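A.B. asks: I'd like to ask you about the structure that follows.
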Amino acid sequence: MTAITTRRFLQTAGLLFAGVLLAACGKKDEAPAPTAAAPEPAASVAAAPPPAKVYVVGTDAAYAPFESQNEKGEIVGLTIDMLSAVAAKAGIEIKFVNTPWEGIFNSLQQGDRDILASSITITEERKQTMDFTNPYFDAYQLIAVKATSKVAKFDDLKKLKVGVQTGTTGDEVVTKQQGKNSTNIKRFESTPLALKELESGGVDAVVADNGVVVNYVTNNPDAKFKTVSDKAFEPEQYGFAVKKGNAELLDKLNKGLADIKADGTYNTIYAKYFGAAPAAAEPAASK
């Protein structure tokens, strides 16, 4: 009995020992997982250059042939072509935004517009609050009346109803003539609206820039208008405007303007709208 027990004990012990031995043999010592090598520092990538600034240009697109909208809603005209050519020479990007005349100067002061290109006459008063490029167009005030009118000079308008575009130099000269409280001065948002009023008989005459008046009369023969010039009107000149003190942008625009005059681009654009290059000494215009 004892022997059997002992034998069994030994057998059991042997089996246990063998199990331990097999377990020890079956467990493979695994080398520690290799530590992932730290990634090589990425080659320094040059920072992408900031996107080129796009200068926002305010223009009142109701002043053909200088600034207006075509049937596609695109802003077109002599001023638009001129500034586009200037910008190309200056190496800057621009974007035209239709901006009502009544708020156009304020939009520049507030920084909503970087440039104004809207047949803006350079005046000493305006120079106090903004800077102008060299002139890009010379013009003068012109009177539009019906073909049957007896108006022959500016003085003939003193007691007549006269249409003008609000805030323009046409408005200024008529106000100076008739007085700021005159009820005979009829002010409109645009010169074409004033000319429409002349056509319907609501006013006796319209005073506005020559280029706009001539363009309207030419393209609306059924209105039966005639134009009257007067040497009493002082010559005026259009310029592109920038915020007061922005000398860097002003210099770029002036350089671009000089370049398009030098290479003939200016004359080509001018002739596109007026049929010929500008005369050497032509009076200037306003808005």
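Every chain in the structure tokens has a letter given in the order shown (A, B, ...), and although residue numbers restart at 1 in each chain, ligands are simply numbered from 1 in the order shown.
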Which residues come within 7 Å of stretch 111-113 of chain A, counting only C-alpha atoms, excluding same-chain residues fewer than 5 positions away, as an MDAnalysis selection string?
C.D. replies: chainID A and resid 56:58
A.B. asks: Give the answer as one residue: which of A:Gly275, A:Thr218, A:Gln109, A:Ala48 has the shortest atom-to-atom distance to A:Thr129, using only C-alpha atoms?
C.D. replies: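 Answer, going by the shortest atom-to-atom distance: A:Gln109.
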A.B. asks: To one decimal place in Å, what is the distance between atom CA of A:Gln128 and atom CA of A:Val242?
C.D. replies: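 Those two atoms sit 12.0 Å apart.
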A.B. asks: Go through stretch 34-233 of chain A and collect every residue that DSSP, computed from the backbone, puts in strand (DSSP E or B); the answer should be as JSON, numbers by chain.
C.D. replies: {"A": [54, 55, 56, 57, 58, 59, 63, 67, 68, 69, 75, 76, 93, 94, 95, 96, 97, 98, 115, 116, 121, 130, 131, 132, 137, 138, 139, 141, 142, 143, 144, 145, 146, 162, 163, 164, 165, 185, 186, 187, 188, 205, 206, 207, 208, 209, 225, 226, 227, 228]}
A.B. asks: Please identify all polymer residues within 10 Å of A:Val228, counting only C-alpha atoms, omitting same-chain residues fewer than 3 positions from it, and present them as a list in words.
C.D. replies: Gln141, Leu142, Ile143, Ala144, Val145, Val151, Ala152, Lys153, Phe154, Ala205, Val207 and Asn210 of chain A
A.B. asks: Deliver the residues from the most recent selection as a file, using N, CA and C atoms, as a short mmCIF file (atom, residue, chain, number, x, y, z; two decimals), in the first residue's frame.
C.D. replies:
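Output contents, as saved in out.cif:
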```
data_model
loop_
_atom_site.label_atom_id
_atom_site.label_comp_id
_atom_site.auth_asym_id
_atom_site.auth_seq_id
_atom_site.Cartn_x
_atom_site.Cartn_y
_atom_site.Cartn_z
N GLN A 141 -17.37 121.32 -67.71
CA GLN A 141 -18.82 121.28 -67.56
C GLN A 141 -19.48 121.63 -68.89
N LEU A 142 -20.61 121.00 -69.12
CA LEU A 142 -21.35 121.24 -70.36
C LEU A 142 -22.84 121.30 -70.04
N ILE A 143 -23.55 122.17 -70.75
CA ILE A 143 -24.99 122.33 -70.54
C ILE A 143 -25.75 121.52 -71.60
N ALA A 144 -26.74 120.77 -71.14
CA ALA A 144 -27.63 120.05 -72.06
C ALA A 144 -29.01 120.68 -71.96
N VAL A 145 -29.59 120.99 -73.11
CA VAL A 145 -30.95 121.55 -73.17
C VAL A 145 -31.66 120.92 -74.36
N VAL A 151 -31.42 128.81 -74.57
CA VAL A 151 -30.22 128.93 -73.72
C VAL A 151 -28.98 128.93 -74.60
N ALA A 152 -28.14 129.96 -74.40
CA ALA A 152 -26.92 130.09 -75.21
C ALA A 152 -25.66 130.19 -74.36
N LYS A 153 -25.85 130.41 -73.07
CA LYS A 153 -24.70 130.54 -72.17
C LYS A 153 -25.14 130.20 -70.75
N PHE A 154 -24.16 130.05 -69.87
CA PHE A 154 -24.44 129.64 -68.49
C PHE A 154 -25.33 130.65 -67.77
N ALA A 205 -32.73 122.45 -68.05
CA ALA A 205 -31.36 122.22 -68.47
C ALA A 205 -30.68 121.27 -67.48
N VAL A 207 -26.60 120.45 -66.09
CA VAL A 207 -25.19 120.80 -66.13
C VAL A 207 -24.40 119.62 -65.58
N ASN A 210 -18.70 117.07 -69.54
CA ASN A 210 -18.87 117.01 -71.00
C ASN A 210 -18.91 115.58 -71.53
#
```
A.B. asks: With only C-alpha atoms as the counted atoms, please give the residues lying no more than 6 Å from stretch 176-189 of chain A, apart from itself and same-chain residues fewer than 5 positions off, as a PDB file with C-alpha atoms, in the first residue's frame.
C.D. replies:
```pdb
ATOM      1  CA  LYS A 158     -30.107 131.748 -63.504  1.00  0.00           C
ATOM      2  CA  LYS A 161     -34.894 124.755 -63.362  1.00  0.00           C
ATOM      3  CA  VAL A 162     -31.565 122.973 -63.632  1.00  0.00           C
ATOM      4  CA  GLY A 163     -30.827 119.307 -63.036  1.00  0.00           C
ATOM      5  CA  VAL A 164     -27.499 118.181 -61.528  1.00  0.00           C
ATOM      6  CA  GLN A 165     -26.029 115.092 -59.931  1.00  0.00           C
ATOM      7  CA  THR A 166     -25.828 115.512 -56.170  1.00  0.00           C
ATOM      8  CA  ALA A 194     -31.093 114.232 -64.537  1.00  0.00           C
TER       9      ALA A 194
END
```
A.B. asks: Which residues are near A:Thr59? Cut-off 7 Å, only C-alpha atoms, ignore same chain within fewer than 4 positions. Put them as a PyMOL selection string.
C.D. replies: chain A and resi 96-99+116-118
